[in-house]
Amino acid sequence: MFTALLATAALLTCPTAQAEPSSQGTTWQAPPAEVMEVLHAPKLPWVWTAPSGAHLLLADPVVYPPLADAAAGWLELAGRRIDPRTGGFHGEWGATSPRLVDVADGRTIPLDLPEDTELLGVSWTVDGERFALTVEHADHLGLWVGDTSGELTELDGVALNPVLGGAVQWMPDQKRLLVRQVPERGEMPAPPVIPAGPKTVDGEGGGARSTYEARNLLKTAHDDALFDHFATSQLVIIDPRRDKRTALGQPDTYSAARVSPDGKYLLVKRLVGPWSHEVGWWRFASEVEVWDLKGRLVAPIATLPLADNVPTHGVPEGPRWVSWRATAPHTLYWLEALDGGDPVAEVPHRDRLMRLDAPFTDAPEEVFRMEHRAWDLDWGEGDQLVLTERERMKRWRYTWLLDVEEGTARPWFDRNEKDRYSSPGNPVKRPLKNGHWVLHQRGDAVYFSGSGASPEGDRPFLDLRSMATGEVERVFRSPADRYETFIAFAGDDVRFVKRSESATDVPNYVLATLGETVDAAEGEASRAHTATPITHFEDPAPALRQLDKRIVQYERADGVPLSFHLYLPPGHEPGTPLPTVVHAYPREFSDASTAGQVRGSTQRFDRLWGASSLFFALQGYAVMYRTAMPMVGDPETVYDTFVPQLVSDAEAAVAKGVEMGIVDPDRIGVMGHSHGGLMVANLLAHTDLFSAGIARSGSYNKTNQPFGYQSERRSLFEALDAYIQVSPTFFADQVDEPVLIIHGDADSNPGTLTFQSEVFFEAVRGSGGTARLVLLPHEDHGYRAKESVEHVLWEQLRWFEAHVKNAPAAAAEPEATPGD
C-alpha cells in the first residue's frame, strides 16, 4: 500500500499547571542552540576496508535527511519498504564525498561522484585494487566501478535491483560482476479506482506464528502486482572493462544467486507465487536450482512450500542455508530440521547437515546430526567446517570442528551466550582468490576478534585459537587507557589496521606492526606493536569532552550485580545532588552472574546520534546511561517476574545514585525506547521513584501479541496472567507521574505498532493522569528526519525541564501521632 501521510504532527496534550498551552508544539520545534550545535556537528566518515588492507574507502554519512524525503511516500511490499522512485529501500542510509585513503602513506584520493547522488554500498575485489559501488540517483540505483588510482565510471543503462538481496558481487575471476538488474518492466501498476474486493485472510488448523513475522505485508491484489513489478530482476554478468553484458535466464523474482567457487555453476533461488498476505517474502514458496553460466537449468535442488506456519522461535522445514562449500569446486551444503522446525518438540536431534556434489543428480548425503539448532557455519582453509549449535533453554552455544572429507567431528569449545566476559569473540575471515570467504588461520589456529568485556569495561582483543589443542594466544589487547579495535590485516599477519580512540581522542585509523610476545603489566601475555597513523580526523563536538563519565557498579537487593554509565554535566560540584535521567533497556538472562556484567567502556569517544538521552548531560542533568535492568530466570517463565525484577533493578540504581551524592531523589526522570518504553510505563505504574517519564515507540499491551514477544514464547492462552502483568495499559490508572509518549506514526515493527501509544495515552489521560502524546509523521520505529529528531529533543528537554528539573518539592509525610 502506497503510504503518503500529508498531515503535520498529531500532538495530543493534557495540559497541567506546568505544561504549555496545548497549541505549543503543533509546529516543528528545535532544541537550544548548544544542543543543535552538537546534534549537527559533522559526523565521522563511514569506512570500507579493502580485503588486502591496503586502502580504506571513506564517505560522509547523510544522518538526518529532510522530512520531505519520507513524505514522498513508500510501498509496503512483503516485508520491505520500497522507494518507488529508485526501486531501492525507503529511508536507506547513504553517504557522500567518497574518497580513498592509502594505508601505507595516508594519501587521500578523491572519487568523483555527482553531487546529487549517495553511496549505498561497496564491493571490493579480493586483491583490493578494484571496487563496485551501489549509488543512489534520483530515479534509479546505479552501478559504478573504480580502482585505487581514483578512476571511477558509471555503467550506463544498469539499474540495480536490491529488493530481495544483494545486487552486486564479483565473479570468481574477479574481473566480471554478477548483478541483479531491473528488467524492462514498463510503468508501475496503477491502483484501481476502487478495491477489487474486501481484504480477506483464511485460517483453518494453522499453528501459532511469531508476532515478528508480520511487517509491511502485502494486503491487496494491487500490492501483489507491485511486488511483481519491483521484486522481479534480471541476472546479468557484466565485464566492466569490455562493457560486455550477458543475461542469464529470464527475468524472475530471484532471492539468491551465487556462483560456485570454480566459476562453472550458479546457485539460484526463485520465489514462486501466489504471494501470501500473511508472511514476509523470505517465507514465500521457492525453487532452489543449479544453472550453468548460460542460464540453463542443470538440476533442481529443492522445492520449498510457503512457510506460513513456522512455530514461534522455530525454523521452516526443508533445506535451508543452501550454499557452496568455499573450499571445493562445486559442492552444496545445507541444513534440514529434524524436529519439524518446532523448538519444543522432544527429539534426539534438531538439525542435520547435508551435501550434494556436481552433477547434482545423486541423493543428498547426510554429514552430521546436531542435538541442538544450528546457529552458524564457517569454512576453514582446508576440509574443516566450524559449526555452532545453540541450546535454546540454557542459552548455550557449542562449537564443533568437522572434517567433512574424513567424516569426523569433535567439540572445540562451548559457552554461555550471555557471558560477555568469557566470549571468544567472532572468527576473522579472509577471501580466497575466487571471492568465497574462509576463516583466517595461521597454521591450525584461527584468529578471533572480540569486544573484550571485563568488570572494568570493554577492552577489544585479537586472539589465535588452536583447533588442535584449544589453546588461546592473545595477539593484541586494547590498552586500558584507550579503546582500540582490530579492523583488518594489511597484507600479512604482522601488519594490521586498527581503530584507536579514547575519551578525548577522536577515533582514527592506525597501521600497527606486531613485534615479539611480551608480558603485560597485569601478567597477561600480549604482543608489542608499533603504530603509524593513517587518518587524522578532528573532534567535531568539543563540548562533549567536558562531560565527566565513569562506570558505577552496585548490587540489587537479591545480590544480582548491576552497573550504569554515569555522565555528569560540565562544572559539576562534587557532593551537589543533580536532577537525573535514568536511561535503560531491559534484557533477559539465565543467571545472575551474566546479568550484571559491565557493558561498554569509558574510553569510547562519545558521539551523539538522534534524540539521545545524553543530551540531558549538556543541560545540567546527571545521566545514568546503560542502566542495567536484567530479568533473570528460566527463558520459559522469566516474564512471570518481569515487573518485580524491574522494580528491584530501578530501586537499586536510584539508591546507588543517591548514596553517591549525585542524584536528587526528588528529581529523577526515566526514559526508554521500544522495550525500554514498556519499562518506563511499568516503572511509573508500579513505583514512586520517578518524577516523570519519557516512553518512546513502546508496546504497552502485550495481549496484542498473543503468540510471544521478546524471549517469551508462551502464548497469551498459556500465560494470561504474565501477559497482563507486564502490560502497563492495564495499570494506567496507577500512572500518577507525568509521562511523555512519543511514537513514529508509521511504525512497522509488529510488536510496537503506533496504536499501542495512542491507547496507552488515552488510558492514562482517561484515568486522570498527566500525559502528552507526540506522533511523528512518516517515521518508523526509529526517527530519522531532521525535523523529527530536532523536535523530539525539544519535547524531551521541555518535558523534564518542567517535570523533573523544576519539579515541585515533594510534600512532607505527616508526622505520626500516638496511636497511629
# chains A, B, ... in the order shown; residues from 1 in each chain; ligands from 1
>>> residues_around(residues="segment 299-304 of chain A", least_positions_apart="6", cutoff="12 Å", atoms="only C-alpha atoms", output="PyMOL selection string")
chain A and resi 265-273+282-292+316-323+332-334+336+354-364
>>> closest_atom_pairs(of="segment 487-591 of chain A", to="segment 660-684 of chain A", cutoff="6 Å", atoms="only C-alpha atoms", output="CSV")
residue,atom,partner,partner_atom,distance
A:Gly575,CA,A:Gly661,CA,5.2
A:Pro577,CA,A:Ile662,CA,4.5
A:Leu578,CA,A:Val663,CA,5.2
A:Pro579,CA,A:Arg667,CA,4.9
A:Thr580,CA,A:Ile668,CA,4.8
A:Val581,CA,A:Gly669,CA,4.8
A:Val582,CA,A:Val670,CA,4.7
A:His583,CA,A:Met671,CA,5.2
A:Ala584,CA,A:Gly672,CA,5.8
A:Tyr585,CA,A:Gly676,CA,4.5
>>> write_last_selection(atoms="all heavy atoms", output="short mmCIF file (atom, residue, chain, number, x, y, z; two decimals), in the first residue's frame")
data_model
loop_
_atom_site.label_atom_id
_atom_site.label_comp_id
_atom_site.auth_asym_id
_atom_site.auth_seq_id
_atom_site.Cartn_x
_atom_site.Cartn_y
_atom_site.Cartn_z
N GLY A 575 29.35 16.36 45.41
CA GLY A 575 28.50 16.45 46.58
C GLY A 575 27.22 17.22 46.37
O GLY A 575 26.40 17.31 47.28
N PRO A 577 23.73 17.25 44.72
CA PRO A 577 22.76 16.39 44.02
C PRO A 577 22.19 17.09 42.79
O PRO A 577 21.97 18.30 42.80
CB PRO A 577 21.68 16.15 45.07
CG PRO A 577 22.34 16.43 46.38
CD PRO A 577 23.31 17.53 46.11
N LEU A 578 21.99 16.31 41.75
CA LEU A 578 21.54 16.86 40.47
C LEU A 578 20.22 16.25 40.04
O LEU A 578 19.89 15.11 40.40
CB LEU A 578 22.58 16.54 39.39
CG LEU A 578 23.95 17.20 39.51
CD1 LEU A 578 24.91 16.58 38.50
CD2 LEU A 578 23.83 18.70 39.29
N PRO A 579 19.45 16.99 39.23
CA PRO A 579 18.34 16.32 38.54
C PRO A 579 18.94 15.23 37.66
O PRO A 579 20.01 15.41 37.07
CB PRO A 579 17.70 17.44 37.72
CG PRO A 579 18.79 18.45 37.55
CD PRO A 579 19.61 18.38 38.79
N THR A 580 18.28 14.10 37.59
CA THR A 580 18.91 12.92 36.98
C THR A 580 17.97 12.26 35.99
O THR A 580 16.74 12.21 36.19
CB THR A 580 19.29 11.91 38.08
OG1 THR A 580 20.22 12.54 38.97
CG2 THR A 580 19.93 10.66 37.50
N VAL A 581 18.55 11.72 34.92
CA VAL A 581 17.82 10.95 33.92
C VAL A 581 18.36 9.53 33.94
O VAL A 581 19.57 9.30 33.80
CB VAL A 581 17.97 11.55 32.51
CG1 VAL A 581 17.30 10.65 31.47
CG2 VAL A 581 17.38 12.95 32.47
N VAL A 582 17.47 8.57 34.13
CA VAL A 582 17.82 7.14 34.06
C VAL A 582 17.39 6.63 32.70
O VAL A 582 16.21 6.71 32.33
CB VAL A 582 17.13 6.34 35.18
CG1 VAL A 582 17.42 4.85 35.03
CG2 VAL A 582 17.59 6.84 36.54
N HIS A 583 18.36 6.11 31.94
CA HIS A 583 18.06 5.56 30.62
C HIS A 583 18.42 4.08 30.62
O HIS A 583 19.50 3.69 31.07
CB HIS A 583 18.88 6.29 29.54
CG HIS A 583 18.59 5.80 28.15
ND1 HIS A 583 19.25 4.74 27.58
CD2 HIS A 583 17.70 6.23 27.21
CE1 HIS A 583 18.79 4.54 26.36
NE2 HIS A 583 17.84 5.42 26.11
N ALA A 584 17.51 3.22 30.14
CA ALA A 584 17.76 1.78 30.24
C ALA A 584 16.95 1.02 29.19
O ALA A 584 16.05 1.57 28.53
CB ALA A 584 17.40 1.27 31.64
N TYR A 585 17.31 -0.27 29.08
CA TYR A 585 16.59 -1.21 28.21
C TYR A 585 16.64 -2.58 28.88
O TYR A 585 17.72 -3.09 29.16
CB TYR A 585 17.26 -1.29 26.83
CG TYR A 585 16.51 -2.12 25.82
CD1 TYR A 585 15.63 -1.52 24.93
CD2 TYR A 585 16.70 -3.50 25.74
CE1 TYR A 585 14.94 -2.28 23.99
CE2 TYR A 585 16.01 -4.26 24.82
CZ TYR A 585 15.13 -3.64 23.94
OH TYR A 585 14.44 -4.40 23.02
#
>>> select_by_dssp(residues="segment 134-350 of chain A", states="helix (DSSP H, G or I)", output="list in words")
Thr211, Tyr212, Glu213, Ala221, His222, Asp223, Asp224, Ala225, Leu226, Phe227, Asp228, His229, Phe230, Ala231, Trp281, Trp282 and Arg283 of chain A
>>> select_by_dssp(residues="segment 494-615 of chain A", states="strand (DSSP E or B)", output="PyMOL selection string")
chain A and resi 495-501+508-519+525-533+548-555+561-568+578-584+587-589
>>> closest_residue(among="A:Lys429, A:Phe730, A:Ala30, A:Arg176", to="Gln796 of chain A", atoms="only C-alpha atoms")
A:Ala30
>>> closest_residue(among="A:Tyr554, A:Tyr254, A:Tyr509, A:Phe476", to="Trp46 of chain A", atoms="only C-alpha atoms")
A:Tyr509
>>> closest_residue(among="A:Arg373, A:Arg420, A:Lys264, A:Lys702", to="Arg397 of chain A", atoms="only C-alpha atoms")
A:Arg373
>>> residues_around(residues="Gln553 of chain A", least_positions_apart="3", cutoff="12 Å", atoms="only C-alpha atoms", output="list of chain:residue names")
A:Pro455, A:Glu456, A:Gly457, A:Arg550, A:Arg556, A:Val560, A:Pro561, A:Leu562, A:Ser563, A:Phe564, A:His565, A:Leu566, A:Gly596, A:Gln597, A:Val598, A:Arg599, A:Met624, A:Arg626, A:Thr627, A:Ala628, A:Ala652, A:Ala653, A:Ala655, A:Lys656, A:Gly657, A:Met660
>>> residues_around(residues="Gly610 of chain A", least_positions_apart="6", cutoff="10 Å", atoms="only C-alpha atoms", output="list in words")
Leu39, His40, Val63, Tyr64, Gly782, Tyr783, Arg784, Ala785, Lys786, Ser788, Val789, Glu790, Val792 and Leu793 of chain A
>>> closest_residue(among="A:Glu136, A:Asp721, A:Glu779, A:Asp116", to="Asp745 of chain A", atoms="only C-alpha atoms")
A:Glu779
>>> residues_around(residues="segment 414-418 of chain A", least_positions_apart="6", cutoff="12 Å", atoms="only C-alpha atoms", output="ChimeraX atom specification")
/A:375,387-401,424-425,453,470,587-599,630,632
>>> write_last_selection(atoms="N, CA, C and O atoms", output="compact mmCIF listing (two decimals), in the first residue's frame")
# COMPACT_ATOMS: atom_id res chain seq x y z
N TRP A 375 23.43 -22.84 14.48
CA TRP A 375 23.44 -21.38 14.67
C TRP A 375 24.36 -20.69 13.67
O TRP A 375 24.10 -19.58 13.26
N LEU A 387 31.15 -25.51 12.99
CA LEU A 387 29.69 -25.48 13.12
C LEU A 387 29.32 -25.18 14.56
O LEU A 387 29.84 -25.79 15.49
N THR A 388 28.42 -24.22 14.74
CA THR A 388 27.95 -23.85 16.08
C THR A 388 26.47 -24.16 16.20
O THR A 388 25.69 -23.83 15.31
N GLU A 389 26.11 -24.84 17.28
CA GLU A 389 24.69 -25.10 17.56
C GLU A 389 24.31 -24.40 18.87
O GLU A 389 25.16 -24.12 19.71
N ARG A 390 23.02 -24.15 19.01
CA ARG A 390 22.53 -23.36 20.16
C ARG A 390 21.47 -24.12 20.92
O ARG A 390 20.48 -24.59 20.34
N GLU A 391 21.69 -24.27 22.24
CA GLU A 391 20.69 -24.86 23.12
C GLU A 391 19.83 -23.73 23.66
O GLU A 391 20.27 -22.91 24.47
N ARG A 392 18.58 -23.70 23.21
CA ARG A 392 17.70 -22.56 23.47
C ARG A 392 17.44 -22.35 24.96
O ARG A 392 17.50 -21.22 25.46
N MET A 393 17.13 -23.42 25.69
CA MET A 393 16.72 -23.26 27.08
C MET A 393 17.87 -22.77 27.97
O MET A 393 17.67 -21.95 28.86
N LYS A 394 19.07 -23.24 27.71
CA LYS A 394 20.22 -22.81 28.52
C LYS A 394 20.87 -21.54 27.99
O LYS A 394 21.73 -20.97 28.64
N ARG A 395 20.48 -21.12 26.77
CA ARG A 395 21.16 -20.03 26.08
C ARG A 395 22.66 -20.36 25.99
O ARG A 395 23.52 -19.55 26.34
N TRP A 396 22.94 -21.55 25.49
CA TRP A 396 24.31 -22.06 25.44
C TRP A 396 24.67 -22.39 23.99
O TRP A 396 23.83 -22.88 23.23
N ARG A 397 25.91 -22.13 23.61
CA ARG A 397 26.38 -22.43 22.25
C ARG A 397 27.53 -23.42 22.29
O ARG A 397 28.43 -23.29 23.11
N TYR A 398 27.49 -24.40 21.37
CA TYR A 398 28.51 -25.44 21.27
C TYR A 398 29.13 -25.35 19.87
O TYR A 398 28.42 -25.38 18.86
N THR A 399 30.45 -25.24 19.82
CA THR A 399 31.14 -25.11 18.54
C THR A 399 31.92 -26.40 18.27
O THR A 399 32.69 -26.86 19.11
N TRP A 400 31.69 -26.96 17.07
CA TRP A 400 32.27 -28.23 16.65
C TRP A 400 33.25 -28.02 15.50
O TRP A 400 33.08 -27.08 14.71
N LEU A 401 34.23 -28.92 15.42
CA LEU A 401 35.14 -28.98 14.28
C LEU A 401 34.81 -30.23 13.48
O LEU A 401 34.94 -31.35 13.99
N PRO A 424 34.59 -15.66 23.27
CA PRO A 424 35.79 -15.80 22.44
C PRO A 424 35.85 -14.78 21.31
O PRO A 424 36.86 -14.69 20.61
N GLY A 425 34.79 -13.99 21.14
CA GLY A 425 34.72 -13.07 20.01
C GLY A 425 34.21 -13.78 18.77
O GLY A 425 33.65 -14.88 18.82
N ALA A 453 34.99 -7.80 26.93
CA ALA A 453 34.28 -7.30 28.10
C ALA A 453 34.97 -7.73 29.39
O ALA A 453 35.50 -8.83 29.49
N GLY A 470 42.94 -26.17 21.44
CA GLY A 470 42.03 -25.21 22.05
C GLY A 470 42.73 -24.09 22.77
O GLY A 470 42.08 -23.18 23.30
N ARG A 587 16.79 -6.51 29.61
CA ARG A 587 17.32 -7.67 28.89
C ARG A 587 17.12 -8.92 29.73
O ARG A 587 17.09 -8.86 30.96
N GLU A 588 17.02 -10.09 29.04
CA GLU A 588 16.78 -11.35 29.73
C GLU A 588 18.09 -12.13 29.88
O GLU A 588 18.92 -12.14 28.97
N PHE A 589 18.25 -12.78 31.03
CA PHE A 589 19.42 -13.59 31.33
C PHE A 589 18.99 -14.85 32.06
O PHE A 589 17.97 -14.87 32.76
N SER A 590 19.82 -15.89 31.92
CA SER A 590 19.53 -17.16 32.60
C SER A 590 20.09 -17.20 34.01
O SER A 590 19.64 -17.99 34.84
N ASP A 591 21.12 -16.40 34.29
CA ASP A 591 21.74 -16.46 35.61
C ASP A 591 22.23 -15.08 36.02
O ASP A 591 22.48 -14.21 35.19
N ALA A 592 22.41 -14.92 37.33
CA ALA A 592 22.76 -13.62 37.89
C ALA A 592 24.17 -13.19 37.51
O ALA A 592 24.44 -12.00 37.35
N SER A 593 25.09 -14.15 37.36
CA SER A 593 26.48 -13.79 37.10
C SER A 593 26.64 -13.07 35.77
O SER A 593 27.47 -12.17 35.63
N THR A 594 25.87 -13.46 34.76
CA THR A 594 25.96 -12.78 33.46
C THR A 594 25.09 -11.53 33.41
O THR A 594 25.40 -10.59 32.69
N ALA A 595 24.02 -11.52 34.19
CA ALA A 595 23.10 -10.37 34.16
C ALA A 595 23.79 -9.08 34.56
O ALA A 595 23.49 -8.01 34.04
N GLY A 596 24.75 -9.17 35.48
CA GLY A 596 25.37 -7.96 35.99
C GLY A 596 26.66 -7.56 35.33
O GLY A 596 27.35 -6.65 35.80
N GLN A 597 27.01 -8.21 34.23
CA GLN A 597 28.28 -7.88 33.60
C GLN A 597 28.26 -6.49 32.96
O GLN A 597 27.26 -6.05 32.39
N VAL A 598 29.38 -5.81 33.08
CA VAL A 598 29.52 -4.44 32.59
C VAL A 598 29.50 -4.44 31.07
O VAL A 598 30.10 -5.29 30.41
N ARG A 599 28.81 -3.47 30.51
CA ARG A 599 28.75 -3.29 29.06
C ARG A 599 29.37 -1.94 28.71
O ARG A 599 29.13 -0.94 29.36
N PRO A 630 18.24 -6.12 34.30
CA PRO A 630 18.16 -7.53 33.88
C PRO A 630 16.92 -8.24 34.42
O PRO A 630 16.44 -7.96 35.52
N VAL A 632 16.20 -12.02 35.25
CA VAL A 632 16.96 -13.25 35.45
C VAL A 632 16.02 -14.42 35.71
O VAL A 632 15.15 -14.33 36.59
>>> residues_around(residues="Val163 of chain A", least_positions_apart="3", cutoff="12 Å", atoms="only C-alpha atoms", output="PyMOL selection string")
chain A and resi 75-84+86-90+92+141+160+166-167+180-182+227-233+253-256+281-282
>>> residues_around(residues="Val472 of chain A", least_positions_apart="6", cutoff="9 Å", atoms="only C-alpha atoms", output="number ranges by chain")
A: 445, 463-466
>>> write_last_selection(atoms="N, CA and C atoms", output="PDB file, in the first residue's frame")
ATOM      1  N   ALA A 445      45.522 -22.670  13.778  1.00  0.00           N
ATOM      2  CA  ALA A 445      44.861 -21.741  14.688  1.00  0.00           C
ATOM      3  C   ALA A 445      44.057 -20.701  13.912  1.00  0.00           C
ATOM      4  N   ASP A 463      42.786 -12.641  19.110  1.00  0.00           N
ATOM      5  CA  ASP A 463      43.344 -13.891  19.632  1.00  0.00           C
ATOM      6  C   ASP A 463      43.612 -14.871  18.501  1.00  0.00           C
ATOM      7  N   LEU A 464      44.469 -15.861  18.794  1.00  0.00           N
ATOM      8  CA  LEU A 464      44.652 -17.052  17.957  1.00  0.00           C
ATOM      9  C   LEU A 464      44.198 -18.248  18.781  1.00  0.00           C
ATOM     10  N   ARG A 465      43.212 -19.004  18.263  1.00  0.00           N
ATOM     11  CA  ARG A 465      42.683 -20.161  18.990  1.00  0.00           C
ATOM     12  C   ARG A 465      43.023 -21.428  18.209  1.00  0.00           C
ATOM     13  N   SER A 466      43.772 -22.323  18.826  1.00  0.00           N
ATOM     14  CA  SER A 466      44.221 -23.550  18.169  1.00  0.00           C
ATOM     15  C   SER A 466      43.063 -24.524  17.977  1.00  0.00           C
TER      16      SER A 466
END
>>> closest_residue(among="A:Ala159, A:Leu776, A:Ala488, A:Ala622", to="Leu56 of chain A", atoms="only C-alpha atoms")
A:Ala488
>>> atom_distance(atom1="atom CA of Ala807 of chain A", atom2="atom CA of Thr26 of chain A")
24.2 Å
>>> decode(residues="segment 575-617 of chain A", atoms="C-alpha atoms", output="PDB file, in the first residue's frame")
ATOM      1  CA  GLY A 575      28.503  16.449  46.584  1.00  0.00           C
ATOM      2  CA  THR A 576      25.831  18.534  44.861  1.00  0.00           C
ATOM      3  CA  PRO A 577      22.761  16.388  44.022  1.00  0.00           C
ATOM      4  CA  LEU A 578      21.539  16.856  40.471  1.00  0.00           C
ATOM      5  CA  PRO A 579      18.340  16.317  38.542  1.00  0.00           C
ATOM      6  CA  THR A 580      18.905  12.923  36.983  1.00  0.00           C
ATOM      7  CA  VAL A 581      17.821  10.946  33.919  1.00  0.00           C
ATOM      8  CA  VAL A 582      17.822   7.144  34.065  1.00  0.00           C
ATOM      9  CA  HIS A 583      18.064   5.557  30.617  1.00  0.00           C
ATOM     10  CA  ALA A 584      17.755   1.777  30.242  1.00  0.00           C
ATOM     11  CA  TYR A 585      16.590  -1.210  28.206  1.00  0.00           C
ATOM     12  CA  PRO A 586      15.504  -4.470  29.918  1.00  0.00           C
ATOM     13  CA  ARG A 587      17.318  -7.672  28.889  1.00  0.00           C
ATOM     14  CA  GLU A 588      16.784 -11.352  29.727  1.00  0.00           C
ATOM     15  CA  PHE A 589      19.423 -13.594  31.326  1.00  0.00           C
ATOM     16  CA  SER A 590      19.527 -17.155  32.603  1.00  0.00           C
ATOM     17  CA  ASP A 591      21.743 -16.463  35.610  1.00  0.00           C
ATOM     18  CA  ALA A 592      22.765 -13.617  37.894  1.00  0.00           C
ATOM     19  CA  SER A 593      26.482 -13.789  37.102  1.00  0.00           C
ATOM     20  CA  THR A 594      25.963 -12.779  33.465  1.00  0.00           C
ATOM     21  CA  ALA A 595      23.105 -10.369  34.164  1.00  0.00           C
ATOM     22  CA  GLY A 596      25.369  -7.956  35.991  1.00  0.00           C
ATOM     23  CA  GLN A 597      28.280  -7.881  33.597  1.00  0.00           C
ATOM     24  CA  VAL A 598      29.519  -4.436  32.587  1.00  0.00           C
ATOM     25  CA  ARG A 599      28.754  -3.289  29.060  1.00  0.00           C
ATOM     26  CA  GLY A 600      30.737  -0.648  27.167  1.00  0.00           C
ATOM     27  CA  SER A 601      33.789   1.418  28.043  1.00  0.00           C
ATOM     28  CA  THR A 602      34.522   4.845  29.474  1.00  0.00           C
ATOM     29  CA  GLN A 603      37.323   5.115  26.917  1.00  0.00           C
ATOM     30  CA  ARG A 604      34.912   5.442  23.987  1.00  0.00           C
ATOM     31  CA  PHE A 605      34.899   8.801  22.215  1.00  0.00           C
ATOM     32  CA  ASP A 606      31.331   9.975  22.693  1.00  0.00           C
ATOM     33  CA  ARG A 607      29.345  10.853  19.586  1.00  0.00           C
ATOM     34  CA  LEU A 608      25.658  11.593  19.986  1.00  0.00           C
ATOM     35  CA  TRP A 609      23.123  10.348  17.454  1.00  0.00           C
ATOM     36  CA  GLY A 610      19.451  11.189  17.184  1.00  0.00           C
ATOM     37  CA  ALA A 611      17.455  12.105  20.269  1.00  0.00           C
ATOM     38  CA  SER A 612      19.986  10.593  22.694  1.00  0.00           C
ATOM     39  CA  SER A 613      19.390  10.812  26.448  1.00  0.00           C
ATOM     40  CA  LEU A 614      22.993  12.023  26.815  1.00  0.00           C
ATOM     41  CA  PHE A 615      21.947  15.468  25.584  1.00  0.00           C
ATOM     42  CA  PHE A 616      20.496  15.964  29.075  1.00  0.00           C
ATOM     43  CA  ALA A 617      24.065  15.999  30.446  1.00  0.00           C
TER      44      ALA A 617
END
